[in-house]
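**Q** What follows is query12.txt; its format and atoms are compact mmCIF, C-alpha atoms and all ligand atoms.
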# COMPACT_ATOMS: atom_id res chain seq x y z
CA CYS J 1 98.00 106.41 54.37
CA SER J 2 96.17 104.72 57.29
CA ALA J 3 92.87 106.46 56.44
CA SER J 4 92.47 104.21 53.42
CA LEU J 5 92.29 101.22 55.78
CA HIS J 6 89.09 102.48 57.43
CA SER J 7 85.63 102.98 56.13
CA THR J 8 84.21 106.34 57.19
CA GLU J 9 81.86 104.55 59.66
CA THR J 10 84.73 103.09 61.68
CA LEU J 11 86.82 106.24 61.78
CA PRO J 12 86.53 108.05 65.13
CA ARG J 13 84.71 111.37 65.00
CA LYS J 14 87.01 114.38 64.92
CA ASP J 15 85.98 115.49 68.42
CA GLU J 16 86.90 112.03 69.75
CA ILE J 17 90.46 112.19 68.49
CA SER J 18 93.14 113.33 70.87
CA VAL J 19 96.05 114.49 68.80
CA HIS J 20 97.96 115.98 71.69
CA GLY J 21 99.95 113.11 73.19
CA VAL J 22 98.84 110.14 75.29
CA SER J 23 96.76 112.14 77.75
CA GLU J 24 95.78 115.74 78.19
CA LYS J 25 94.69 115.20 81.77
CA ILE J 26 96.55 116.75 84.68
CA VAL J 27 97.35 114.06 87.25
CA GLY J 28 97.26 115.48 90.77
CA VAL J 29 99.54 113.68 93.22
CA LEU J 30 99.14 114.15 96.95
CA GLY J 31 102.72 114.20 98.22
CA GLY J 32 105.96 115.20 96.53
CA GLY J 33 108.57 112.88 98.04
CA GLN J 34 110.83 110.50 96.14
CA LEU J 35 107.89 108.46 94.84
CA GLY J 36 106.31 111.63 93.47
CA ARG J 37 109.66 112.57 91.96
CA MET J 38 109.94 109.23 90.14
CA LEU J 39 106.32 109.57 88.96
CA CYS J 40 107.30 112.93 87.45
CA GLN J 41 110.29 111.34 85.74
CA ALA J 42 108.07 108.69 84.17
CA ALA J 43 105.48 111.32 83.23
CA SER J 44 108.09 113.43 81.48
CA LYS J 45 108.76 110.66 78.94
CA LEU J 46 105.11 110.63 77.87
CA SER J 47 104.58 114.38 78.37
CA ILE J 48 101.98 113.70 81.03
CA LYS J 49 101.39 116.68 83.29
CA ILE J 50 101.74 116.08 87.03
CA ALA J 51 100.67 118.54 89.70
CA ILE J 52 101.89 117.83 93.21
CA LEU J 53 100.66 118.97 96.59
CA ASP J 54 103.37 119.03 99.24
CA PRO J 55 104.14 121.40 102.11
CA LEU J 56 107.88 121.51 101.38
CA VAL J 57 108.87 124.17 98.86
CA ASN J 58 111.90 122.14 97.77
CA CYS J 59 110.45 118.63 98.12
CA PRO J 60 112.02 115.96 95.84
CA ALA J 61 109.28 116.20 93.17
CA SER J 62 109.06 119.99 93.14
CA SER J 63 111.52 120.81 90.38
CA LEU J 64 110.17 118.08 88.08
CA ALA J 65 106.44 118.65 88.48
CA TYR J 66 104.37 120.56 85.95
CA TYR J 67 102.92 122.41 88.90
CA HIS J 68 103.69 122.36 92.63
CA MET J 69 101.06 123.65 95.04
CA VAL J 70 102.78 124.27 98.35
CA GLY J 71 100.38 123.09 101.00
CA ASP J 72 99.42 120.31 103.36
CA PHE J 73 97.88 117.14 101.91
CA ASP J 74 96.26 116.63 105.30
CA ASP J 75 94.37 119.95 105.17
CA SER J 76 90.83 119.80 103.81
CA ASN J 77 90.62 123.23 102.13
CA THR J 78 94.03 122.81 100.55
CA VAL J 79 93.22 119.34 99.17
CA GLN J 80 89.90 120.64 97.78
CA GLU J 81 91.56 123.62 96.11
CA PHE J 82 94.25 121.34 94.66
CA ALA J 83 91.68 118.83 93.37
CA MET J 84 89.92 121.57 91.39
CA ARG J 85 93.07 121.99 89.29
CA CYS J 86 93.45 118.30 88.39
CA GLU J 87 91.53 115.80 86.26
CA VAL J 88 92.52 112.74 88.26
CA LEU J 89 93.75 112.64 91.83
CA THR J 90 96.20 110.05 93.16
CA VAL J 91 98.63 109.63 96.06
CA GLU J 92 102.26 108.87 96.69
CA ILE J 93 101.64 108.66 100.45
CA GLU J 94 98.60 107.24 102.24
CA HIS J 95 98.64 109.68 105.17
CA VAL J 96 96.37 112.20 103.48
CA ASP J 97 93.04 113.76 104.44
CA VAL J 98 90.82 110.87 103.38
CA ALA J 99 87.56 112.44 104.64
CA THR J 100 88.08 115.19 102.08
CA LEU J 101 88.79 112.65 99.35
CA GLU J 102 85.47 111.00 100.18
CA ILE J 103 83.66 114.34 99.87
CA LEU J 104 85.47 115.08 96.61
CA GLU J 105 84.48 111.70 95.20
CA GLU J 106 80.84 112.43 96.00
CA GLN J 107 81.25 115.66 94.06
CA GLY J 108 82.49 113.65 91.08
CA ILE J 109 86.25 114.13 91.46
CA ASP J 110 88.13 111.16 90.08
CA CYS J 111 90.30 109.63 92.85
CA GLN J 112 92.48 106.62 91.94
CA PRO J 113 92.78 104.47 93.92
CA ARG J 114 89.42 105.14 95.55
CA ALA J 115 89.14 106.98 98.87
CA SER J 116 87.74 103.77 100.43
CA THR J 117 91.12 102.13 99.76
CA ILE J 118 93.09 104.98 101.34
CA ARG J 119 90.79 104.84 104.39
CA ILE J 120 91.43 101.13 104.90
CA ILE J 121 95.17 101.33 104.31
CA GLN J 122 96.01 104.42 106.35
CA ASP J 123 94.86 102.76 109.57
CA LYS J 124 96.94 99.60 109.90
CA TYR J 125 94.53 98.05 112.38
CA LEU J 126 91.55 98.66 110.08
CA GLN J 127 93.67 97.25 107.25
CA LYS J 128 94.30 94.06 109.22
CA VAL J 129 90.59 93.73 110.08
CA HIS J 130 89.69 94.24 106.40
CA PHE J 131 92.13 91.63 105.10
CA SER J 132 91.25 89.06 107.73
CA GLN J 133 87.57 89.50 106.79
CA HIS J 134 88.59 88.73 103.21
CA GLY J 135 90.28 85.49 104.23
CA ILE J 136 93.83 86.71 103.65
CA PRO J 137 96.44 85.05 105.90
CA LEU J 138 98.07 87.47 108.37
CA PRO J 139 99.87 87.35 111.71
CA GLU J 140 97.31 87.30 114.55
CA PHE J 141 96.58 90.79 115.88
CA THR J 142 94.45 92.65 118.39
CA GLN J 143 94.04 96.27 119.40
CA ILE J 144 95.21 97.40 122.83
CA GLU J 145 93.87 100.27 124.88
CA ASP J 146 95.89 100.00 128.09
CA LEU J 147 98.81 98.17 129.67
CA GLU J 148 96.52 95.42 130.96
CA GLY J 149 95.33 94.80 127.41
CA ALA J 150 98.93 94.68 126.18
CA LYS J 151 99.85 92.15 128.89
CA LYS J 152 96.86 90.01 127.96
CA ALA J 153 97.91 90.09 124.32
CA GLY J 154 101.47 89.17 125.35
CA ASP J 155 100.12 86.15 127.29
CA ILE J 156 98.21 84.98 124.22
CA PHE J 157 100.69 85.79 121.41
CA GLY J 158 103.94 85.32 123.36
CA TYR J 159 107.17 87.28 122.98
CA PRO J 160 108.76 89.01 121.18
CA LEU J 161 105.59 91.00 120.63
CA MET J 162 105.26 93.55 117.83
CA ILE J 163 103.47 96.73 118.91
CA LYS J 164 102.35 99.08 116.15
CA SER J 165 100.81 102.52 115.81
CA LYS J 166 97.56 102.30 113.89
CA ARG J 167 98.24 105.46 111.90
CA PHE J 168 101.02 107.60 110.39
CA ALA J 169 103.49 104.71 110.28
CA TYR J 170 106.32 104.52 107.78
CA ASP J 171 109.88 103.15 107.69
CA GLY J 172 109.15 101.25 110.90
CA ARG J 173 108.66 104.51 112.81
CA GLY J 174 105.38 103.29 114.23
CA ASN J 175 106.75 99.93 115.37
CA ALA J 176 108.22 98.84 118.72
CA VAL J 177 109.18 95.36 119.85
CA ALA J 178 108.71 94.14 123.42
CA LYS J 179 110.98 91.15 124.04
CA SER J 180 109.30 90.38 127.35
CA VAL J 181 106.46 91.57 129.56
CA GLU J 182 108.92 93.89 131.34
CA GLU J 183 109.58 95.76 128.10
CA LEU J 184 105.92 96.42 127.32
CA SER J 185 105.61 99.82 128.97
CA SER J 186 108.84 101.20 127.50
CA ALA J 187 107.82 100.00 124.01
CA ILE J 188 104.40 101.63 124.40
CA PHE J 189 106.05 104.81 125.68
CA ALA J 190 108.39 104.83 122.66
CA LEU J 191 105.30 104.89 120.41
CA GLY J 192 103.90 107.88 122.27
CA GLY J 193 101.47 105.97 124.50
CA PHE J 194 97.95 104.80 123.77
CA GLU J 195 96.58 108.16 122.66
CA ARG J 196 97.43 107.78 118.96
CA GLY J 197 95.94 104.28 118.87
CA LEU J 198 97.97 101.07 119.14
CA TYR J 199 97.55 97.42 118.28
CA VAL J 200 99.76 94.36 118.60
CA GLU J 201 100.77 91.65 116.15
CA LYS J 202 102.01 88.20 116.90
CA TRP J 203 105.67 87.91 115.94
CA ALA J 204 105.95 86.50 112.41
CA PRO J 205 108.87 84.05 112.36
CA PHE J 206 109.69 84.76 108.75
CA VAL J 207 112.61 83.32 106.79
CA LYS J 208 112.23 85.92 104.05
CA GLU J 209 110.20 89.02 103.35
CA LEU J 210 108.69 89.19 99.88
CA SER J 211 106.82 91.85 97.96
CA VAL J 212 104.48 91.69 95.00
CA VAL J 213 103.69 94.86 93.06
CA ILE J 214 100.42 94.72 91.12
CA ALA J 215 98.87 97.29 88.82
CA ARG J 216 95.14 97.51 88.22
CA GLY J 217 93.81 99.49 85.30
CA ARG J 218 90.53 101.38 85.20
CA ASP J 219 89.07 98.52 83.16
CA ASN J 220 90.08 96.09 85.97
CA SER J 221 92.93 94.64 83.92
CA MET J 222 95.79 93.54 86.16
CA ALA J 223 99.54 93.37 85.63
CA CYS J 224 101.73 91.67 88.19
CA TYR J 225 105.46 92.29 88.65
CA PRO J 226 107.80 89.42 89.55
CA VAL J 227 107.97 88.50 93.27
CA VAL J 228 110.93 90.23 94.93
CA GLN J 229 112.71 89.75 98.24
CA THR J 230 113.00 92.73 100.56
CA ILE J 231 115.64 92.90 103.27
CA HIS J 232 114.97 95.30 106.12
CA LYS J 233 117.45 96.77 108.57
CA GLU J 234 115.97 98.15 111.76
CA ASN J 235 112.50 98.02 110.18
CA ILE J 236 113.59 100.05 107.13
CA CYS J 237 113.76 98.63 103.64
CA HIS J 238 117.45 98.26 102.88
CA ILE J 239 117.90 95.93 99.89
CA VAL J 240 115.51 94.51 97.26
CA LYS J 241 116.42 91.46 95.18
CA ALA J 242 114.55 90.87 91.95
CA PRO J 243 113.47 88.23 91.29
CA ALA J 244 113.20 86.58 94.71
CA SER J 245 115.09 83.34 95.04
CA VAL J 246 112.19 81.13 96.13
CA SER J 247 110.49 78.14 94.57
CA TRP J 248 107.91 78.40 91.84
CA GLU J 249 105.27 77.26 94.33
CA ILE J 250 106.12 80.05 96.77
CA LYS J 251 106.03 82.62 93.97
CA LYS J 252 102.62 81.35 92.95
CA LEU J 253 101.32 81.42 96.52
CA ALA J 254 102.71 84.93 97.14
CA THR J 255 101.17 86.18 93.90
CA ASP J 256 97.81 84.56 94.70
CA VAL J 257 97.69 86.16 98.17
CA ALA J 258 98.68 89.53 96.68
CA PHE J 259 96.00 89.26 93.97
CA LYS J 260 93.38 88.44 96.55
CA ALA J 261 94.43 91.38 98.74
CA VAL J 262 94.40 93.85 95.85
CA SER J 263 91.08 92.50 94.57
CA SER J 264 89.50 93.41 97.90
CA LEU J 265 90.42 97.09 97.40
CA GLU J 266 88.89 99.60 95.00
CA GLY J 267 90.43 101.76 92.32
CA ALA J 268 93.17 101.90 89.75
CA GLY J 269 96.90 102.23 90.26
CA ILE J 270 99.87 100.40 91.69
CA PHE J 271 99.46 98.33 94.84
CA ALA J 272 102.44 96.83 96.65
CA VAL J 273 101.79 93.84 98.88
CA GLU J 274 104.38 93.19 101.59
CA LEU J 275 104.51 89.54 102.66
CA PHE J 276 106.24 87.25 105.14
CA LEU J 277 107.43 83.79 104.10
CA THR J 278 107.55 81.44 107.09
CA GLU J 279 109.77 78.39 107.53
CA ASP J 280 106.90 76.03 106.80
CA GLY J 281 106.17 77.71 103.48
CA GLN J 282 103.24 79.88 104.57
CA ILE J 283 102.71 83.34 103.17
CA LEU J 284 101.36 85.97 105.57
CA LEU J 285 100.41 89.49 104.56
CA ASN J 286 102.23 92.31 106.36
CA GLU J 287 100.71 95.39 104.73
CA VAL J 288 99.63 96.89 101.44
CA ALA J 289 100.71 100.23 99.99
CA PRO J 290 98.14 101.72 97.54
CA ARG J 291 100.82 103.45 95.45
CA PRO J 292 104.27 102.91 93.94
CA HIS J 293 106.57 101.34 96.52
CA ASN J 294 110.21 101.05 97.53
CA SER J 295 110.20 97.38 96.51
CA GLY J 296 109.40 98.49 92.95
CA HIS J 297 112.20 101.04 92.44
CA HIS J 298 114.20 98.42 90.53
CA THR J 299 111.48 98.26 87.84
CA ILE J 300 112.75 101.57 86.38
CA GLU J 301 115.78 99.79 84.94
CA SER J 302 114.86 96.12 85.17
CA CYS J 303 111.33 95.85 83.75
CA LYS J 304 109.66 96.58 80.45
CA THR J 305 107.38 99.08 82.18
CA SER J 306 108.40 100.77 85.42
CA GLN J 307 105.95 100.83 88.32
CA TYR J 308 105.86 104.64 87.98
CA GLU J 309 104.84 104.67 84.34
CA GLN J 310 102.44 101.83 85.13
CA HIS J 311 100.78 103.84 87.90
CA LEU J 312 100.23 106.74 85.50
CA ARG J 313 98.90 104.43 82.78
CA ALA J 314 96.55 102.84 85.33
CA VAL J 315 95.07 106.02 86.80
CA LEU J 316 94.70 107.62 83.36
CA GLY J 317 92.98 104.59 81.83
CA LEU J 318 95.78 103.92 79.34
CA PRO J 319 96.69 100.32 78.45
CA LEU J 320 98.85 98.70 81.14
CA GLY J 321 102.41 97.89 80.13
CA ASP J 322 104.28 94.63 80.32
CA PRO J 323 105.67 94.21 83.86
CA SER J 324 108.17 91.46 83.04
CA MET J 325 111.90 91.84 83.63
CA ILE J 326 114.32 92.67 80.82
CA THR J 327 117.35 91.52 82.79
CA PRO J 328 117.92 88.23 84.64
CA ALA J 329 118.62 89.95 87.96
CA ALA J 330 118.47 93.30 89.72
CA ILE J 331 119.41 94.47 93.17
CA MET J 332 118.29 97.76 94.74
CA TYR J 333 120.11 99.39 97.62
CA ASN J 334 118.58 102.28 99.56
CA ILE J 335 120.99 105.09 100.33
CA LEU J 336 120.02 105.85 103.93
CA GLY J 337 121.46 108.78 105.86
CA GLU J 338 124.40 107.48 107.88
CA ASP J 339 125.04 110.74 109.69
CA GLU J 340 123.37 114.13 110.15
CA GLY J 341 124.15 117.11 107.94
CA GLU J 342 127.36 117.54 105.91
CA PRO J 343 129.16 114.39 107.15
CA GLY J 344 126.12 112.38 106.01
CA PHE J 345 126.10 114.08 102.60
CA TYR J 346 129.82 113.32 102.25
CA LEU J 347 129.34 109.58 102.90
CA ALA J 348 126.44 109.37 100.44
CA HIS J 349 128.51 111.24 97.86
CA GLN J 350 131.39 108.77 98.24
CA LEU J 351 129.03 105.84 97.79
CA MET J 352 127.50 107.33 94.66
CA GLN J 353 130.94 108.06 93.21
CA ARG J 354 131.77 104.35 93.49
CA ALA J 355 128.42 103.32 92.01
CA LEU J 356 128.85 105.64 89.04
CA SER J 357 131.94 103.69 87.98
CA ILE J 358 130.07 100.38 87.86
CA SER J 359 128.62 99.16 84.59
CA GLY J 360 125.00 98.19 85.19
CA ALA J 361 124.56 100.45 88.23
CA PHE J 362 121.95 103.22 88.17
CA VAL J 363 122.15 105.99 90.73
CA HIS J 364 119.11 107.91 91.96
CA TRP J 365 119.48 110.90 94.27
CA TYR J 366 116.28 112.43 95.61
CA ASN J 367 117.69 115.89 96.25
CA LYS J 368 116.36 116.18 99.81
CA SER J 369 117.75 119.32 101.36
CA GLU J 370 118.09 117.87 104.83
CA MET J 371 120.26 114.86 105.63
CA ARG J 372 119.16 112.79 108.62
CA LYS J 373 120.23 109.44 109.96
CA GLN J 374 118.20 106.58 108.47
CA ARG J 375 116.43 108.91 106.03
CA LYS J 376 115.95 107.59 102.50
CA MET J 377 118.17 109.92 100.45
CA GLY J 378 118.50 107.98 97.21
CA HIS J 379 118.95 104.49 95.85
CA ILE J 380 121.16 102.44 93.56
CA THR J 381 119.87 99.70 91.28
CA ILE J 382 122.31 97.26 89.72
CA VAL J 383 121.22 94.99 86.89
CA GLY J 384 123.17 92.00 85.59
CA ARG J 385 123.21 88.47 84.29
CA SER J 386 122.66 86.72 87.64
CA MET J 387 121.88 87.49 91.27
CA SER J 388 125.40 86.60 92.35
CA VAL J 389 126.88 89.02 89.79
CA VAL J 390 124.72 91.94 90.98
CA GLU J 391 125.33 91.03 94.63
CA ASN J 392 129.09 91.11 94.04
CA LEU J 393 128.86 94.42 92.23
CA LEU J 394 126.87 95.83 95.15
CA SER J 395 129.45 94.54 97.66
CA PHE J 396 132.16 96.21 95.63
CA THR J 397 130.18 99.46 95.52
CA LEU J 398 129.74 99.34 99.27
CA ASP J 399 133.50 98.90 99.52
CA GLU J 400 133.16 95.55 101.20
CA ALA J 401 135.10 93.74 98.48
CA SER J 402 138.73 94.56 97.93
CA GLU J 403 138.74 93.82 94.22
CA LYS J 404 136.40 94.85 91.45
CA PRO J 405 134.54 91.71 90.33
CA ALA J 406 134.79 90.62 86.72
P1 LIG W 1 106.96 100.73 105.53
O1 LIG W 1 105.64 101.40 105.33
O2 LIG W 1 108.12 101.63 105.35
O3 LIG W 1 107.08 99.43 104.78
P2 LIG W 1 106.05 100.41 108.24
O4 LIG W 1 106.50 101.51 109.12
O5 LIG W 1 104.66 100.46 107.75
O6 LIG W 1 107.06 100.26 107.05
P3 LIG W 1 105.84 97.58 108.78
O7 LIG W 1 105.83 97.25 107.35
O8 LIG W 1 104.64 97.30 109.58
O9 LIG W 1 106.31 99.09 109.04
O10 LIG W 1 107.05 96.83 109.49
C1 LIG W 1 108.38 97.11 109.13
C2 LIG W 1 109.19 95.83 109.24
O11 LIG W 1 109.11 95.31 110.58
C3 LIG W 1 108.69 94.69 108.38
O12 LIG W 1 109.11 94.83 107.05
C4 LIG W 1 109.30 93.51 109.11
O13 LIG W 1 110.68 93.41 108.86
C5 LIG W 1 109.10 93.90 110.57
N1 LIG W 1 107.79 93.41 111.06
C6 LIG W 1 106.59 94.01 110.94
N2 LIG W 1 105.61 93.29 111.50
C7 LIG W 1 106.18 92.18 112.01
C8 LIG W 1 105.71 91.02 112.73
N3 LIG W 1 104.42 90.87 113.04
N4 LIG W 1 106.63 90.09 113.06
C9 LIG W 1 107.94 90.22 112.77
N5 LIG W 1 108.44 91.28 112.12
C10 LIG W 1 107.60 92.25 111.74
MG MG W 2 103.87 100.92 105.93
MG MG W 3 106.02 97.93 105.54
Spell out the structure here as structure tokens.
**A**
Amino acid sequence: CSASLHSTETLPRKDEISVHGVSEKIVGVLGGGQLGRMLCQAASKLSIKIAILDPLVNCPASSLAYYHMVGDFDDSNTVQEFAMRCEVLTVEIEHVDVATLEILEEQGIDCQPRASTIRIIQDKYLQKVHFSQHGIPLPEFTQIEDLEGAKKAGDIFGYPLMIKSKRFAYDGRGNAVAKSVEELSSAIFALGGFERGLYVEKWAPFVKELSVVIARGRDNSMACYPVVQTIHKENICHIVKAPASVSWEIKKLATDVAFKAVSSLEGAGIFAVELFLTEDGQILLNEVAPRPHNSGHHTIESCKTSQYEQHLRAVLGLPLGDPSMITPAAIMYNILGEDEGEPGFYLAHQLMQRALSISGAFVHWYNKSEMRKQRKMGHITIVGRSMSVVENLLSFTLDEASEKPA
């Protein structure tokens, strides 16, 4: 009996003992997309209760959440009402009503990460200003207010020039590239003009894109996942390779930059730091996501603690788990909509059928009711004994190889 090991002085008082699982708190998540869904899956294992706020009745997290409030996470009254029903508030998307989060924090509501972090991250220009003030290496950038300003920036930074929306960007939907001065106005038009707020970035001549996922606990403990390589297609994350095939020095540099970036932000949770590796071995920061991230999907099957469980542990003040890999290699492939409607569903179905026959492949389907081109519909993670093995298995799954690899 363990009681005999304690003197009565060291035993916790009865009212301090929680005998009902790891946490009784309801975690409120703003957003109920695939990240929210995978948070719910991780929560289920520990019987942690997750409430989600999402406008879509049948959003990916809806059927798995303890409670789904149907409403807009960008509407102040709705967010306030939702917050009253939760003990800790977190996000799976950064495009939420941050002014309300700030008010809620003043009223004592527990937001993790802090509203200040969401405010910095949700405006990419503000984010760039913040990180440059903290000495973090980034591509040069400047805001633009009119075509003259864009031309001036083009003269200074050269072409191709990356033009970005300051806000509401995801999956590259706020990005446009001007290959020359002649293309500036069409690129700006494609982003909806100057009204929504634009800025430009110098083209980063990267040889690889890397990502570092870091968890910070409420006690400021940190846990860092292995550096991964992300491969984008048309600005959308397509493939993630874990671990990244780069030198030890590059891994160290990438991790150091990511640590510095995360240390400049407040609050607990997962932070994903997207990085560019240049030919001359420099690491530049692209952006930070203050939440679980596409580059960390693989952790569900490849790491001792998934990024989703880790996020819950972090925001609830539980001990952080070990982020190290339990397999030598993992590859993650995003199932993107290849066609609209039924034909798109059919193609995705075929792909998943092939994946289901592969040993070491794990299929995730987000159950989105609408199929659209380039929409993230699911993902496949393959784990194995080396990167070449998992790459071959992925090629086979994608039907690019004629024979099933050994
Ligand atoms: P997400 O949030 O889904 O990661 P996003 O819409 O916020 O994407 P970014 O991360 O800014 O978009 O950019 C998407 C991709 O575009 C990058 O991963 C990279 O491939 C490319 N990219 C972004 N900025 C630059 C740059 N300055 N130079 C070259 N390529 C860039
Ligand atoms: Mg982004
Ligand atoms: Mg990005």
**Q** Please provide as an mmCIF file with C-alpha atoms, in the frame of the given file all residues within 6 Å of Ala268 of chain J, with the sequence filter that same-chain residues fewer than 4 positions apart are discarded (counting all atoms listed in the file).
**A**
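Okay, around_12.cif is ready:
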data_model
loop_
_atom_site.group_PDB
_atom_site.id
_atom_site.type_symbol
_atom_site.label_atom_id
_atom_site.label_comp_id
_atom_site.auth_asym_id
_atom_site.auth_seq_id
_atom_site.Cartn_x
_atom_site.Cartn_y
_atom_site.Cartn_z
ATOM 1 C CA GLN J 112 92.480 106.620 91.940
ATOM 2 C CA PRO J 113 92.780 104.470 93.920
ATOM 3 C CA ARG J 216 95.140 97.510 88.220
ATOM 4 C CA GLY J 217 93.810 99.490 85.300
ATOM 5 C CA ARG J 218 90.530 101.380 85.200
ATOM 6 C CA ALA J 314 96.550 102.840 85.330
ATOM 7 C CA VAL J 315 95.070 106.020 86.800
#
**Q** At what distance in Å, to one decimal, does atom CA of Ile50 of chain J lie from atom CA of Glu105 of chain J?
**A**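 Straight-line distance from atom CA of Glu105 of chain J to atom CA of Ile50 of chain J works out to 19.6 Å.
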**Q** Any residue with an atom at most 6 Å from ligand LIG 1 (chain W) counts, using all atoms listed in the file. Which are they? Put them as a ChimeraX atom specification.
**A** /J:139,162,169-174,201-204,232,235-236
**Q** Please produce, as JSON lines, a per-residue contact table for chain J versus ligand MG 3 (chain W) (criterion: any atom at most 12 Å away, all atoms listed in the file considered), showing the nearest atom pair and its distance in Å to one decimal, sorted by chain then residue number.
**A**
{"residue": "J:Ile121", "atom": "CA", "partner": "W:MG3", "partner_atom": "MG", "distance": 11.4}
{"residue": "J:Gln122", "atom": "CA", "partner": "W:MG3", "partner_atom": "MG", "distance": 12.0}
{"residue": "J:Lys124", "atom": "CA", "partner": "W:MG3", "partner_atom": "MG", "distance": 10.2}
{"residue": "J:Lys164", "atom": "CA", "partner": "W:MG3", "partner_atom": "MG", "distance": 11.3}
{"residue": "J:Phe168", "atom": "CA", "partner": "W:MG3", "partner_atom": "MG", "distance": 11.9}
{"residue": "J:Ala169", "atom": "CA", "partner": "W:MG3", "partner_atom": "MG", "distance": 8.7}
{"residue": "J:Tyr170", "atom": "CA", "partner": "W:MG3", "partner_atom": "MG", "distance": 7.0}
{"residue": "J:Asp171", "atom": "CA", "partner": "W:MG3", "partner_atom": "MG", "distance": 6.8}
{"residue": "J:Gly172", "atom": "CA", "partner": "W:MG3", "partner_atom": "MG", "distance": 7.0}
{"residue": "J:Arg173", "atom": "CA", "partner": "W:MG3", "partner_atom": "MG", "distance": 10.2}
{"residue": "J:Gly174", "atom": "CA", "partner": "W:MG3", "partner_atom": "MG", "distance": 10.2}
{"residue": "J:Asn175", "atom": "CA", "partner": "W:MG3", "partner_atom": "MG", "distance": 10.1}
{"residue": "J:Glu209", "atom": "CA", "partner": "W:MG3", "partner_atom": "MG", "distance": 10.1}
{"residue": "J:Leu210", "atom": "CA", "partner": "W:MG3", "partner_atom": "MG", "distance": 10.7}
{"residue": "J:Ser211", "atom": "CA", "partner": "W:MG3", "partner_atom": "MG", "distance": 9.8}
{"residue": "J:Thr230", "atom": "CA", "partner": "W:MG3", "partner_atom": "MG", "distance": 10.0}
{"residue": "J:Ile231", "atom": "CA", "partner": "W:MG3", "partner_atom": "MG", "distance": 11.1}
{"residue": "J:His232", "atom": "CA", "partner": "W:MG3", "partner_atom": "MG", "distance": 9.3}
{"residue": "J:Lys233", "atom": "CA", "partner": "W:MG3", "partner_atom": "MG", "distance": 11.9}
{"residue": "J:Glu234", "atom": "CA", "partner": "W:MG3", "partner_atom": "MG", "distance": 11.7}
{"residue": "J:Asn235", "atom": "CA", "partner": "W:MG3", "partner_atom": "MG", "distance": 8.0}
{"residue": "J:Ile236", "atom": "CA", "partner": "W:MG3", "partner_atom": "MG", "distance": 8.0}
{"residue": "J:Cys237", "atom": "CA", "partner": "W:MG3", "partner_atom": "MG", "distance": 8.0}
{"residue": "J:His238", "atom": "CA", "partner": "W:MG3", "partner_atom": "MG", "distance": 11.7}
{"residue": "J:Ala272", "atom": "CA", "partner": "W:MG3", "partner_atom": "MG", "distance": 9.6}
{"residue": "J:Val273", "atom": "CA", "partner": "W:MG3", "partner_atom": "MG", "distance": 8.9}
{"residue": "J:Glu274", "atom": "CA", "partner": "W:MG3", "partner_atom": "MG", "distance": 6.4}
{"residue": "J:Leu275", "atom": "CA", "partner": "W:MG3", "partner_atom": "MG", "distance": 9.0}
{"residue": "J:Phe276", "atom": "CA", "partner": "W:MG3", "partner_atom": "MG", "distance": 10.7}
{"residue": "J:Leu285", "atom": "CA", "partner": "W:MG3", "partner_atom": "MG", "distance": 10.2}
{"residue": "J:Asn286", "atom": "CA", "partner": "W:MG3", "partner_atom": "MG", "distance": 6.8}
{"residue": "J:Glu287", "atom": "CA", "partner": "W:MG3", "partner_atom": "MG", "distance": 5.9}
{"residue": "J:Val288", "atom": "CA", "partner": "W:MG3", "partner_atom": "MG", "distance": 7.7}
{"residue": "J:Ala289", "atom": "CA", "partner": "W:MG3", "partner_atom": "MG", "distance": 8.0}
{"residue": "J:Pro290", "atom": "CA", "partner": "W:MG3", "partner_atom": "MG", "distance": 11.9}
{"residue": "J:His293", "atom": "CA", "partner": "W:MG3", "partner_atom": "MG", "distance": 9.7}
{"residue": "J:Asn294", "atom": "CA", "partner": "W:MG3", "partner_atom": "MG", "distance": 9.6}
{"residue": "J:Ser295", "atom": "CA", "partner": "W:MG3", "partner_atom": "MG", "distance": 10.0}
**Q** Quick one: write out the picked residues with C-alpha atoms as a compact mmCIF listing (two decimals), keeping the file's coordinate frame?
**A**
# COMPACT_ATOMS: atom_id res chain seq x y z
CA ILE J 121 95.17 101.33 104.31
CA GLN J 122 96.01 104.42 106.35
CA LYS J 124 96.94 99.60 109.90
CA LYS J 164 102.35 99.08 116.15
CA PHE J 168 101.02 107.60 110.39
CA ALA J 169 103.49 104.71 110.28
CA TYR J 170 106.32 104.52 107.78
CA ASP J 171 109.88 103.15 107.69
CA GLY J 172 109.15 101.25 110.90
CA ARG J 173 108.66 104.51 112.81
CA GLY J 174 105.38 103.29 114.23
CA ASN J 175 106.75 99.93 115.37
CA GLU J 209 110.20 89.02 103.35
CA LEU J 210 108.69 89.19 99.88
CA SER J 211 106.82 91.85 97.96
CA THR J 230 113.00 92.73 100.56
CA ILE J 231 115.64 92.90 103.27
CA HIS J 232 114.97 95.30 106.12
CA LYS J 233 117.45 96.77 108.57
CA GLU J 234 115.97 98.15 111.76
CA ASN J 235 112.50 98.02 110.18
CA ILE J 236 113.59 100.05 107.13
CA CYS J 237 113.76 98.63 103.64
CA HIS J 238 117.45 98.26 102.88
CA ALA J 272 102.44 96.83 96.65
CA VAL J 273 101.79 93.84 98.88
CA GLU J 274 104.38 93.19 101.59
CA LEU J 275 104.51 89.54 102.66
CA PHE J 276 106.24 87.25 105.14
CA LEU J 285 100.41 89.49 104.56
CA ASN J 286 102.23 92.31 106.36
CA GLU J 287 100.71 95.39 104.73
CA VAL J 288 99.63 96.89 101.44
CA ALA J 289 100.71 100.23 99.99
CA PRO J 290 98.14 101.72 97.54
CA HIS J 293 106.57 101.34 96.52
CA ASN J 294 110.21 101.05 97.53
CA SER J 295 110.20 97.38 96.51
